[in-house]
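**Q** Contents of protein.cif (mmCIF, C-alpha atoms) are given next:
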data_start
#
loop_
_atom_site.label_atom_id
_atom_site.label_comp_id
_atom_site.auth_asym_id
_atom_site.auth_seq_id
_atom_site.Cartn_x
_atom_site.Cartn_y
_atom_site.Cartn_z
CA MET A 182 -121.84 116.20 135.60
CA SER A 183 -119.82 113.03 136.11
CA ARG A 184 -118.57 111.86 139.47
CA SER A 185 -115.29 113.15 140.82
CA TYR A 186 -113.60 114.02 144.06
CA GLN A 187 -115.22 117.22 145.26
CA ILE A 188 -112.55 119.70 146.30
CA ALA A 189 -113.84 123.15 147.12
CA GLY A 190 -110.41 124.74 147.34
CA GLU A 191 -109.52 127.85 149.26
CA THR A 192 -112.76 129.19 150.74
CA LEU A 193 -113.02 132.87 151.61
CA VAL A 194 -115.93 134.01 153.76
CA TYR A 195 -117.66 137.28 152.86
CA VAL A 196 -120.39 139.04 154.84
CA LYS A 197 -122.81 141.72 153.72
CA PHE A 198 -124.78 143.81 156.17
CA GLY A 199 -127.94 145.86 155.93
CA ALA A 200 -127.66 149.31 154.44
CA HIS A 201 -127.37 150.87 157.90
CA ILE A 202 -123.77 149.57 157.98
CA SER A 203 -122.06 151.68 155.41
CA PRO A 204 -119.29 154.25 155.21
CA SER A 205 -121.91 156.69 153.99
CA VAL A 206 -123.72 156.43 157.32
CA SER A 207 -122.12 157.96 160.35
CA ASN A 208 -120.63 154.72 161.59
CA ILE A 209 -118.76 154.34 164.80
CA VAL A 210 -117.20 150.94 165.11
CA ALA A 211 -115.66 150.66 168.54
CA SER A 212 -112.64 148.62 167.58
CA GLY A 213 -111.63 150.39 164.41
CA SER A 214 -112.64 152.39 161.37
CA ALA A 215 -115.91 151.94 159.57
CA ARG A 216 -116.37 149.08 157.12
CA SER A 217 -118.39 148.99 153.94
CA ASN A 218 -121.47 146.78 154.11
CA LEU A 219 -119.75 144.09 151.96
CA CYS A 220 -116.60 142.81 153.68
CA GLN A 221 -114.12 139.98 153.56
CA PHE A 222 -114.52 138.22 156.87
CA ALA A 223 -112.18 135.28 157.13
CA LEU A 224 -110.15 132.35 155.94
CA ALA A 225 -110.71 129.15 157.90
CA SER A 226 -108.11 127.08 159.75
CA GLU A 227 -109.71 123.87 158.49
CA TYR A 228 -113.04 122.66 157.10
CA ILE A 229 -116.03 124.99 156.99
CA THR A 230 -118.97 122.74 157.79
CA VAL A 231 -122.41 123.42 156.33
CA THR A 232 -125.21 121.37 157.95
CA PRO A 233 -128.77 121.84 156.70
CA ARG A 234 -131.60 120.76 158.97
CA PHE A 235 -134.79 119.74 157.23
CA ILE A 236 -138.00 119.52 159.24
CA HIS A 237 -140.74 117.16 158.16
CA GLU A 238 -143.91 116.59 160.05
CA ASP A 239 -145.51 113.17 160.10
CA VAL A 240 -149.08 112.71 158.91
CA LYS A 241 -150.43 109.64 160.59
CA THR A 242 -153.54 107.68 159.84
CA ASP A 243 -155.06 104.91 161.80
CA ASP A 244 -154.73 102.64 158.78
CA PHE A 245 -150.94 102.92 158.97
CA GLY A 246 -150.79 102.29 162.64
CA PRO A 247 -149.51 104.55 165.39
CA ASN A 248 -145.84 104.72 164.46
CA ILE A 249 -145.25 105.11 160.73
CA PRO A 250 -146.67 108.11 158.87
CA ALA A 251 -148.64 107.76 155.67
CA GLU A 252 -147.38 111.09 154.42
CA LEU A 253 -144.96 113.83 155.35
CA MET A 254 -145.39 117.56 155.42
CA TRP A 255 -142.50 119.83 154.61
CA MET A 256 -142.02 122.25 157.50
CA MET A 257 -139.09 124.38 156.37
CA GLY A 258 -135.49 124.15 157.48
CA ASP A 259 -132.44 126.02 158.58
CA VAL A 260 -128.70 125.66 158.17
CA THR A 261 -125.84 125.65 160.65
CA ILE A 262 -122.49 126.86 159.35
CA ASP A 263 -119.39 126.30 161.48
CA ILE A 264 -116.42 128.46 160.52
CA PRO A 265 -113.12 128.22 162.41
CA ALA A 266 -111.72 131.62 161.45
CA ILE A 267 -107.95 131.95 161.59
CA HIS A 268 -107.11 134.86 159.22
CA TYR A 269 -109.94 137.25 159.91
CA ASP A 270 -110.96 140.86 160.34
CA SER A 271 -111.72 141.36 164.03
CA THR A 272 -113.63 144.58 163.30
CA VAL A 273 -115.93 142.73 160.93
CA LEU A 274 -116.41 140.05 163.59
CA ASP A 275 -117.42 142.78 166.07
CA ILE A 276 -120.04 144.03 163.60
CA CYS A 277 -121.32 140.48 163.01
CA MET A 278 -121.68 139.97 166.75
CA ALA A 279 -123.43 143.30 167.25
CA GLU A 280 -125.86 142.66 164.40
CA SER A 281 -126.54 139.17 165.76
CA MET A 282 -127.30 140.76 169.14
CA GLY A 283 -130.13 142.74 167.58
CA GLY A 284 -128.17 145.55 166.01
CA ALA A 285 -127.85 147.88 168.95
CA TYR A 286 -127.67 151.55 168.19
CA LEU A 287 -126.69 154.56 170.17
CA THR A 288 -129.01 157.42 171.00
CA GLY A 289 -130.39 159.44 168.14
CA GLY A 290 -131.76 156.52 166.14
CA LEU A 291 -128.70 156.19 163.95
CA PHE A 292 -127.08 152.80 163.47
CA PRO A 293 -123.50 153.11 164.52
CA VAL A 294 -122.45 149.79 165.94
CA ALA A 295 -120.78 149.59 169.33
CA ALA A 296 -118.89 146.38 170.08
CA GLY A 297 -120.52 144.32 172.80
CA LEU A 298 -123.70 146.40 172.96
CA MET A 299 -126.91 144.38 173.06
CA GLN A 300 -130.31 145.32 171.74
CA GLY A 301 -133.25 144.93 174.08
CA ALA A 302 -134.67 141.47 174.67
CA GLY A 303 -137.38 140.62 172.20
CA ASN A 304 -136.16 142.86 169.43
CA LEU A 305 -136.54 141.45 165.94
CA ILE A 306 -133.58 140.72 163.72
CA GLY A 307 -135.32 141.25 160.37
CA ASN A 308 -137.55 144.05 161.62
CA GLY A 309 -140.08 143.45 158.88
CA VAL A 310 -137.95 145.01 156.18
CA PRO A 311 -136.34 143.30 153.18
CA LEU A 312 -132.96 141.66 153.47
CA LEU A 313 -130.04 144.09 153.23
CA ALA A 314 -132.36 147.06 153.79
CA SER A 315 -131.55 149.54 156.50
CA GLY A 316 -132.72 148.14 159.83
CA ASN A 317 -132.55 144.47 158.83
CA HIS A 318 -129.85 142.91 160.99
CA PHE A 319 -129.57 139.60 159.19
CA ILE A 320 -126.18 139.08 157.58
CA SER A 321 -125.70 137.69 154.09
CA LEU A 322 -122.98 135.07 154.53
CA SER A 323 -121.11 133.91 151.42
CA LEU A 324 -118.61 131.10 151.02
CA VAL A 325 -116.57 131.80 147.89
CA GLN A 326 -114.60 128.72 146.89
CA ALA A 327 -111.60 128.81 144.58
CA ASN A 328 -112.32 125.54 142.76
CA VAL A 329 -116.10 125.75 142.59
CA LEU A 330 -117.96 127.95 140.11
CA LEU A 331 -121.03 128.29 142.33
CA PRO A 332 -120.46 130.04 145.65
CA LEU A 333 -122.71 129.27 148.59
CA ARG A 334 -124.67 132.21 149.90
CA PHE A 335 -126.93 132.29 152.96
CA PRO A 336 -128.89 135.55 152.66
CA SER A 337 -130.24 135.62 156.23
CA ALA A 338 -127.71 134.41 158.74
CA ILE A 339 -126.65 135.37 162.25
CA LEU A 340 -124.16 134.20 164.82
CA THR A 341 -125.98 132.15 167.39
CA GLY A 342 -125.69 129.66 170.23
CA PRO A 343 -122.06 129.51 171.31
CA ALA A 344 -121.63 132.21 168.67
CA VAL A 345 -117.90 132.82 168.94
CA ARG A 346 -115.33 130.91 170.97
CA THR A 347 -112.05 132.80 170.91
CA PRO A 348 -108.97 131.49 172.72
CA LEU A 349 -106.72 134.32 173.86
CA GLY A 350 -102.99 133.94 174.28
CA THR A 351 -99.64 134.17 172.54
CA GLN A 352 -100.60 131.63 169.88
CA LYS A 353 -102.78 132.67 166.93
CA SER A 354 -106.45 132.85 167.86
CA ILE A 355 -108.83 130.61 165.97
CA ALA A 356 -112.29 132.09 166.41
CA GLN A 357 -114.79 129.22 166.27
CA THR A 358 -117.91 130.87 164.88
CA THR A 359 -121.32 129.21 164.68
CA TRP A 360 -123.85 130.66 162.26
CA ARG A 361 -127.52 129.90 161.76
CA ALA A 362 -129.23 130.70 158.49
CA ILE A 363 -133.04 130.76 158.30
CA PRO A 364 -135.37 131.40 155.33
CA TYR A 365 -136.31 134.97 156.28
CA ALA A 366 -139.16 136.51 154.30
CA ALA A 367 -140.12 140.14 154.68
CA PRO A 368 -143.84 140.94 154.93
CA GLN A 369 -145.59 141.54 151.64
CA LEU A 370 -145.83 145.19 150.72
CA THR A 371 -148.67 144.91 148.23
CA ILE A 372 -151.43 142.45 147.40
CA THR A 373 -149.72 139.63 145.51
CA GLY A 374 -151.59 136.53 144.31
CA GLY A 375 -154.40 137.21 146.71
CA VAL A 376 -152.08 137.70 149.68
CA ALA A 377 -152.70 140.83 151.69
CA PRO A 378 -150.02 143.36 152.63
CA GLY A 379 -148.25 142.52 155.86
CA GLU A 380 -148.50 138.77 155.34
CA VAL A 381 -145.34 136.73 155.74
CA ILE A 382 -145.28 133.93 153.15
CA SER A 383 -142.98 130.92 153.44
CA SER A 384 -143.35 129.89 149.83
CA GLY A 385 -140.36 131.20 147.88
CA ALA A 386 -138.32 132.02 150.97
CA VAL A 387 -134.63 131.49 150.28
CA LEU A 388 -132.53 129.35 152.61
CA PHE A 389 -129.42 129.44 150.43
CA ASP A 390 -128.48 130.13 146.85
CA HIS A 391 -125.43 130.36 144.59
CA GLY A 392 -125.52 134.08 144.06
CA VAL A 393 -122.77 136.62 144.65
CA ASP A 394 -123.19 139.70 146.80
CA THR A 395 -121.86 142.91 145.30
CA MET B 92 -79.61 117.66 128.86
CA SER B 93 -77.16 114.75 128.84
CA ARG B 94 -75.90 112.82 131.83
CA SER B 95 -72.73 113.89 133.62
CA TYR B 96 -71.21 114.14 137.03
CA VAL B 97 -73.07 116.90 138.83
CA VAL B 98 -70.67 119.30 140.51
CA ASN B 99 -72.08 122.40 142.16
CA GLY B 100 -68.69 123.96 142.85
CA GLU B 101 -67.67 126.28 145.65
CA SER B 102 -71.04 126.81 147.35
CA LEU B 103 -70.75 130.22 148.92
CA VAL B 104 -73.77 131.01 151.08
CA TYR B 105 -75.35 134.47 150.91
CA VAL B 106 -78.16 135.93 152.98
CA LYS B 107 -80.43 138.94 152.66
CA GLY B 108 -82.74 140.31 155.34
CA ASN B 109 -85.32 143.07 155.64
CA SER B 110 -84.44 146.66 154.89
CA ASN B 111 -84.00 147.50 158.59
CA SER B 112 -81.50 144.72 159.19
CA SER B 113 -77.72 144.85 158.89
CA ILE B 114 -77.99 142.38 156.00
CA ALA B 115 -80.39 144.48 153.94
CA SER B 116 -78.22 143.93 150.87
CA LEU B 117 -77.04 140.53 149.67
CA THR B 118 -74.31 139.57 152.16
CA GLN B 119 -71.82 136.72 152.24
CA LEU B 120 -72.48 134.34 155.13
CA GLY B 121 -69.77 131.76 154.63
CA LEU B 122 -68.20 128.70 153.05
CA ALA B 123 -69.05 125.22 154.25
CA MET B 124 -66.59 122.61 155.44
CA ASP B 125 -68.42 119.95 153.50
CA LYS B 126 -71.63 119.63 151.50
CA VAL B 127 -74.56 121.96 151.95
CA THR B 128 -77.56 119.63 152.08
CA ILE B 129 -80.99 120.64 150.80
CA THR B 130 -83.92 118.44 151.81
CA PRO B 131 -87.49 119.16 150.66
CA ASN B 132 -90.43 117.92 152.74
CA PHE B 133 -93.38 117.34 150.44
CA ARG B 134 -96.79 117.01 152.04
CA HIS B 135 -99.32 114.77 150.42
CA GLN B 136 -102.67 113.73 151.80
CA ASP B 137 -104.22 110.44 150.87
CA ILE B 138 -107.80 110.15 149.68
CA GLN B 139 -109.25 106.87 150.78
CA VAL B 140 -112.24 105.33 149.10
CA GLU B 141 -114.16 102.34 150.37
CA ALA B 142 -113.93 100.82 146.89
CA TRP B 143 -110.15 100.68 147.36
CA GLY B 144 -110.28 99.17 150.79
CA GLY B 145 -111.19 102.24 152.84
CA SER B 146 -108.94 102.90 155.81
CA ALA B 147 -107.60 99.34 155.53
CA GLY B 148 -106.53 99.80 151.93
CA THR B 149 -104.25 102.18 150.08
CA ALA B 150 -105.09 105.58 148.77
CA ALA B 151 -106.96 105.88 145.49
CA GLU B 152 -105.59 109.37 144.99
CA THR B 153 -103.43 111.87 146.85
CA GLN B 154 -103.60 115.62 147.19
CA PHE B 155 -100.51 117.78 147.19
CA MET B 156 -100.56 119.96 150.30
CA LEU B 157 -97.52 122.17 149.68
CA ALA B 158 -94.06 121.69 151.11
CA ASP B 159 -91.30 123.15 153.17
CA MET B 160 -87.57 122.48 153.06
CA THR B 161 -84.60 122.12 155.37
CA VAL B 162 -81.06 123.21 154.57
CA HIS B 163 -78.14 122.05 156.63
CA MET B 164 -74.61 123.44 156.46
CA ASN B 165 -71.38 123.27 158.43
CA LEU B 166 -69.63 126.61 157.97
CA VAL B 167 -65.88 126.78 158.44
CA HIS B 168 -65.07 130.20 156.87
CA PHE B 169 -67.82 132.59 157.90
CA ASP B 170 -68.69 136.05 159.11
CA PRO B 171 -69.85 135.82 162.77
CA THR B 172 -71.54 139.23 162.55
CA VAL B 173 -73.73 138.01 159.72
CA VAL B 174 -74.52 134.79 161.60
CA ARG B 175 -75.57 136.79 164.66
CA GLU B 176 -77.88 138.94 162.55
CA CYS B 177 -79.46 135.79 161.11
CA VAL B 178 -79.95 134.54 164.67
CA ARG B 179 -81.56 137.85 165.69
CA LEU B 180 -84.00 137.76 162.77
CA SER B 181 -84.77 134.08 163.33
CA MET B 182 -85.69 134.87 166.93
CA GLY B 183 -88.48 137.14 165.74
CA GLY B 184 -86.45 140.26 165.06
CA ALA B 185 -86.00 141.67 168.55
CA PRO B 186 -83.77 144.77 168.60
CA VAL B 187 -80.76 142.93 170.01
CA GLU B 188 -79.33 139.47 169.35
CA GLY B 189 -80.26 137.08 172.13
CA GLN B 190 -83.34 139.07 173.12
CA PHE B 191 -86.91 137.87 172.76
CA PRO B 192 -89.75 139.72 171.10
CA HIS B 193 -93.30 138.96 172.31
CA ALA B 194 -94.01 135.24 172.32
CA GLY B 195 -96.19 134.59 169.30
CA THR B 196 -94.58 137.27 167.11
CA LEU B 197 -95.32 136.54 163.46
CA MET B 198 -92.15 135.95 161.50
CA GLY B 199 -93.64 137.41 158.33
CA GLY B 200 -95.18 140.34 160.15
CA ASN B 201 -97.99 140.55 157.58
CA VAL B 202 -95.68 142.42 155.21
CA VAL B 203 -93.93 141.42 152.00
CA ARG B 204 -90.39 140.13 151.63
CA PHE B 205 -87.63 142.46 152.85
CA GLN B 206 -90.09 144.97 154.35
CA PRO B 207 -89.39 145.99 157.96
CA GLY B 208 -91.28 143.56 160.15
CA ASN B 209 -90.73 140.57 157.86
CA ASN B 210 -88.01 138.60 159.63
CA TYR B 211 -87.63 135.84 157.08
CA ILE B 212 -84.22 135.67 155.47
CA GLY B 213 -83.43 135.16 151.80
CA LEU B 214 -80.97 132.27 151.73
CA ASN B 215 -78.83 131.94 148.60
CA ILE B 216 -76.30 129.28 147.60
CA ALA B 217 -73.95 130.02 144.72
CA SER B 218 -73.09 127.51 142.01
CA PRO B 219 -70.01 128.63 140.08
CA ILE B 220 -69.41 125.25 138.38
CA GLY B 221 -72.87 123.76 138.10
CA GLN B 222 -74.47 127.10 137.21
CA LEU B 223 -77.54 126.13 139.22
CA PRO B 224 -77.71 128.46 142.22
CA TRP B 225 -80.44 128.09 144.81
CA ARG B 226 -82.52 130.89 146.26
CA PHE B 227 -84.86 130.20 149.18
CA TYR B 228 -87.24 133.08 149.62
CA PHE B 229 -88.38 132.72 153.22
CA SER B 230 -85.97 130.98 155.55
CA TYR B 231 -85.03 131.07 159.20
CA LEU B 232 -82.75 129.21 161.58
CA ALA B 233 -84.96 126.58 163.10
CA GLN B 234 -85.34 123.92 165.79
CA GLN B 235 -81.73 123.50 166.95
CA PRO B 236 -80.67 126.46 164.82
CA PHE B 237 -76.94 126.37 165.38
CA SER B 238 -74.23 124.54 167.20
CA TRP B 239 -71.29 126.81 167.94
CA PRO B 240 -68.22 125.06 169.37
CA LEU B 241 -65.73 127.29 171.20
CA GLY B 242 -62.09 126.44 171.66
CA VAL B 243 -58.58 126.71 170.28
CA GLU B 244 -59.40 124.81 167.07
CA LYS B 245 -61.23 126.46 164.18
CA THR B 246 -64.95 126.67 164.80
CA ILE B 247 -67.16 124.64 162.50
CA LEU B 248 -70.57 126.23 162.81
CA MET B 249 -73.50 123.91 162.16
CA LEU B 250 -76.61 125.73 160.90
CA ASN B 251 -80.10 124.30 160.35
CA TRP B 252 -82.45 126.34 158.19
CA ARG B 253 -86.15 125.89 157.51
CA ILE B 254 -87.61 127.22 154.27
CA MET B 255 -91.26 128.32 154.53
CA PRO B 256 -93.91 128.74 151.83
CA PHE B 257 -94.88 132.20 153.12
CA PRO B 258 -97.56 133.98 151.03
CA SER B 259 -95.46 136.15 148.77
CA ASN B 260 -98.24 138.24 147.22
CA SER B 261 -98.41 141.97 147.89
CA ALA B 262 -100.76 141.64 150.87
CA SER B 263 -99.08 138.58 152.43
CA ASP B 264 -102.59 137.18 152.42
CA PRO B 265 -103.00 133.38 152.29
CA ALA B 266 -106.13 133.88 150.13
CA ASN B 267 -103.97 135.58 147.48
CA ILE B 268 -106.83 137.24 145.60
CA GLN B 269 -105.78 138.36 142.14
CA GLY B 270 -108.29 139.96 139.79
CA GLY B 271 -111.12 138.76 141.99
CA THR B 272 -109.95 135.13 141.88
CA ILE B 273 -108.79 133.28 144.98
CA LEU B 274 -105.42 131.76 144.08
CA GLY B 275 -104.28 130.62 147.51
CA ALA B 276 -100.81 129.12 147.29
CA GLN B 277 -100.90 128.96 143.49
CA GLY B 278 -97.90 130.82 142.10
CA ASN B 279 -96.19 131.12 145.47
CA VAL B 280 -92.45 130.47 145.29
CA LEU B 281 -90.67 128.14 147.70
CA TYR B 282 -87.35 128.32 145.87
CA ASP B 283 -85.86 129.16 142.49
CA HIS B 284 -82.48 129.24 140.79
CA VAL B 285 -81.83 132.97 140.55
CA LEU B 286 -79.75 134.64 143.26
CA ASP B 287 -80.99 137.68 145.13
CA THR B 288 -79.33 140.98 144.24
#
Could you show the structure in this file as structure tokens?
**A**
Amino acid sequence: MSRSYQIAGETLVYVKFGAHISPSVSNIVASGSARSNLCQFALASEYITVTPRFIHEDVKTDDFGPNIPAELMWMMGDVTIDIPAIHYDSTVLDICMAESMGGAYLTGGLFPVAAGLMQGAGNLIGNGVPLLASGNHFISLSLVQANVLLPLRFPSAILTGPAVRTPLGTQKSIAQTTWRAIPYAAPQLTITGGVAPGEVISSGAVLFDHGVDT
Amino acid sequence: MSRSYVVNGESLVYVKGNSNSSIASLTQLGLAMDKVTITPNFRHQDIQVEAWGGSAGTAAETQFMLADMTVHMNLVHFDPTVVRECVRLSMGGAPVEGQFPHAGTLMGGNVVRFQPGNNYIGLNIASPIGQLPWRFYFSYLAQQPFSWPLGVEKTILMLNWRIMPFPSNSASDPANIQGGTILGAQGNVLYDHVLDT
């Protein structure tokens, strides 16, 4: 591909939740009616910023002195996605926040999502099940761009840090959302390549891809 | 088309509002004392490249970032009732002229043109001689919207309109998704040369 100005075009943000968020499940969403587990989330007021963070560990040898490594080890990475949402579905945002807070559920073990309800401290987000399976609270975040053939998809993302900053007033609200995507890998179910069931393997974990959720 | 003097002719101004307004059908607004002036405001954004001098140089390319328009008219033969309805709609569509709706009320109301809740006005300018009428889909009285002198002489009413590129697809959605493709502003109409009916 030759060089050119890179213009992504209109970028629409989609989110897909685990199978526990579905109209087929008895869903109670506090701020509105139930949503399907694949939803349009938002249009942005300006740039959506995608910032990968790569971690490399130095391997030092005495021969190379104390400061400069002789080799590097790849130690995985994550991605921060900043989305200033201006034309968005506030119900979907409620679900994203609830899932990012551990996916709280009401009594009875079902997964209706109540806005603002937190899961207990220490609860896992992935819960040891595959992405998009029932009980996995990671969100598949997709940036679908009008001018670009390959969308950007982050299969395991959550709102984190200053997750949502929402100004309230008579002017339109621009919800500044901060997402973190990690390379989640569910534990192996069967022996694969000599790896025992229950092992969590980093090799092959997906940080992002160009797929499309359906 | 060959060159000639361009004469628009008697430029009667028509307006049309949403179906709940008193101008739900195409309604005569008035005749101007002098020219009706149409001024587009194109927005372009420069792309600067270090190879062309960076921020100290000129742009190597520009991007078109849509446009709005202003229309100015001085009406001398007009219907005050119609003007007042245009004022009411331009103030966010409160029930009564001169009243406010909530601050922050959306002019388009997230509905399509002429639906109740969409307070934009269709502004039309006839062209009996030039045969090139102008239709502005989404307009409102803006900034200093009118200047209404009162006295014993005839009133010359100065009106300032702003024409907006409101998303005109069925969902009034800026993403404008058609057949699974995000079109954005593509295909949206700022103006054309066919009068409303």
**Q** Report as a PyMOL selection string all protein, DNA and RNA residues lying within 9 Å of region 117-134 of chain B, evaluated on only C-alpha atoms, omitting residues in the same chain fewer than 6 positions from it.
**A** chain B and resi 101-108+154-174+213+215-216+247-248+254+287-288
**Q** Under the PyMOL selection byres ((chain A) within 8 of (chain B)), which residues of this model are included? Write them out as a ChimeraX atom specification.
**A** /A:191,193,224,326-327,351-353
**Q** Name the closest residue to Gly283 (chain A) among the candidates A:Val387, A:Ala314, A:Met254, A:Ile320; distances are taken between atoms, counting only C-alpha atoms.
**A**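 Closest to Gly283 (chain A) of all the choices is A:Ile320.
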**Q** Return as JSON, numbers by chain the set of residues that the PyMOL selection byres ((chain B and resi 180) around 12) yields on the displayed structure.
**A** {"B": [106, 107, 108, 109, 110, 111, 112, 113, 114, 115, 173, 174, 175, 176, 177, 178, 179, 181, 182, 183, 184, 185, 186, 187, 188, 189, 190, 191, 192, 196, 197, 198, 199, 200, 205, 207, 208, 209, 210, 211, 212, 213, 229, 230, 231, 232, 233, 236]}
**Q** Nearest to Thr230 (chain A): which of A:Met257, A:Ile264, A:Leu331, A:Ala386 is it, counting only C-alpha atoms?
**A** A:Ile264
**Q** Could you list as a list of chain:residue names every residue that has an atom within 12 Å of (-109.0, 121.3, 157.4), using the file's coordinates and counting all atoms listed in the file?
**A**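 Residues lying no farther than 12 Å from the given point: A:Ile188, A:Ala189, A:Gly190, A:Glu191, A:Thr192, A:Leu224, A:Ala225, A:Ser226, A:Glu227, A:Tyr228, A:Ile229, A:Thr230, A:Ile264, A:Pro265, A:Ala266, A:Ile267, B:Gln136, B:Met156.
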**Q** Run through the PyMOL selection byres ((chain A and resi 199) around 8) on the given coordinates and return the selected residues as a VMD selection string.
**A** chain A and resid 197 to 198 200 to 202 218 312 to 320
**Q** Which residues are close to Arg346 (chain A), i.e. within 8 Å by all atoms listed in the file, leaving aside same-chain residues fewer than 5 positions away? Reply as a list of chain:residue names.
**A**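 My reading of the contact set: A:Ala356, A:Gln357, A:Thr358.
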**Q** Draw an axis-aligned box over all listed atoms of region 225-236 of chain B, pad each side with 6 Å, and write its centre and edge lengths in Å, one decimal, as JSON.
**A**
{"center_x": -84.4, "center_y": 128.3, "center_z": 155.9, "size_x": 19.9, "size_y": 21.6, "size_z": 34.1}
**Q** Which residue out of B:Ser116, B:Ser259, B:Ser238, B:Ser93 has the minimum interatomic distance to Tyr282 (chain B) when all atoms listed in the file are used?
**A** B:Ser259
**Q** One decimal, Å: what's the distance from CA of Leu349 (chain A) over to CA of Ile276 (chain A), could you say?
**A**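 Distance reported for this atom pair: 19.4 Å.
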**Q** Mind giving me the straight-line distance from CA of Met299 (chain A) to CA of Ile363 (chain A) in Å, one decimal?
**A**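 CA of Ile363 (chain A) lies 21.0 Å from CA of Met299 (chain A).
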**Q** Interatomic distance between CA of Leu298 (chain A) and CA of Met282 (chain A)?
**A**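 It comes out at 7.7 Å.
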**Q** Where atoms are missing, can you supply N, CA and C atoms for region 169-182 of chain B and output the lot as a PDB file, in the frame of the given file?
**A**
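Generated output (out_7.pdb):
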ATOM      1  N   PHE B 169     -66.558 131.844 157.868  1.00  0.00           N
ATOM      2  CA  PHE B 169     -67.820 132.590 157.900  1.00  0.00           C
ATOM      3  C   PHE B 169     -67.649 133.901 158.639  1.00  0.00           C
ATOM      4  N   ASP B 170     -68.660 134.747 158.460  1.00  0.00           N
ATOM      5  CA  ASP B 170     -68.690 136.050 159.110  1.00  0.00           C
ATOM      6  C   ASP B 170     -69.583 135.949 160.360  1.00  0.00           C
ATOM      7  N   PRO B 171     -69.027 135.971 161.560  1.00  0.00           N
ATOM      8  CA  PRO B 171     -69.850 135.820 162.770  1.00  0.00           C
ATOM      9  C   PRO B 171     -70.897 136.925 162.914  1.00  0.00           C
ATOM     10  N   THR B 172     -70.573 138.123 162.432  1.00  0.00           N
ATOM     11  CA  THR B 172     -71.540 139.230 162.550  1.00  0.00           C
ATOM     12  C   THR B 172     -72.796 138.916 161.749  1.00  0.00           C
ATOM     13  N   VAL B 173     -72.588 138.360 160.572  1.00  0.00           N
ATOM     14  CA  VAL B 173     -73.730 138.010 159.720  1.00  0.00           C
ATOM     15  C   VAL B 173     -74.526 136.876 160.365  1.00  0.00           C
ATOM     16  N   VAL B 174     -73.815 135.896 160.929  1.00  0.00           N
ATOM     17  CA  VAL B 174     -74.520 134.790 161.600  1.00  0.00           C
ATOM     18  C   VAL B 174     -75.375 135.327 162.734  1.00  0.00           C
ATOM     19  N   ARG B 175     -74.822 136.247 163.519  1.00  0.00           N
ATOM     20  CA  ARG B 175     -75.570 136.790 164.660  1.00  0.00           C
ATOM     21  C   ARG B 175     -76.798 137.551 164.206  1.00  0.00           C
ATOM     22  N   GLU B 176     -76.698 138.233 163.072  1.00  0.00           N
ATOM     23  CA  GLU B 176     -77.880 138.940 162.550  1.00  0.00           C
ATOM     24  C   GLU B 176     -78.941 137.942 162.096  1.00  0.00           C
ATOM     25  N   CYS B 177     -78.506 136.831 161.493  1.00  0.00           N
ATOM     26  CA  CYS B 177     -79.460 135.790 161.110  1.00  0.00           C
ATOM     27  C   CYS B 177     -80.135 135.208 162.349  1.00  0.00           C
ATOM     28  N   VAL B 178     -79.376 135.050 163.421  1.00  0.00           N
ATOM     29  CA  VAL B 178     -79.950 134.540 164.670  1.00  0.00           C
ATOM     30  C   VAL B 178     -80.981 135.534 165.202  1.00  0.00           C
ATOM     31  N   ARG B 179     -80.637 136.815 165.171  1.00  0.00           N
ATOM     32  CA  ARG B 179     -81.560 137.850 165.690  1.00  0.00           C
ATOM     33  C   ARG B 179     -82.876 137.818 164.911  1.00  0.00           C
ATOM     34  N   LEU B 180     -82.775 137.773 163.589  1.00  0.00           N
ATOM     35  CA  LEU B 180     -84.000 137.760 162.770  1.00  0.00           C
ATOM     36  C   LEU B 180     -84.789 136.477 163.000  1.00  0.00           C
ATOM     37  N   SER B 181     -84.081 135.360 163.136  1.00  0.00           N
ATOM     38  CA  SER B 181     -84.770 134.080 163.330  1.00  0.00           C
ATOM     39  C   SER B 181     -85.460 133.998 164.677  1.00  0.00           C
ATOM     40  N   MET B 182     -85.039 134.833 165.612  1.00  0.00           N
ATOM     41  CA  MET B 182     -85.690 134.870 166.930  1.00  0.00           C
ATOM     42  C   MET B 182     -86.810 135.889 166.956  1.00  0.00           C
TER      43      MET B 182
END
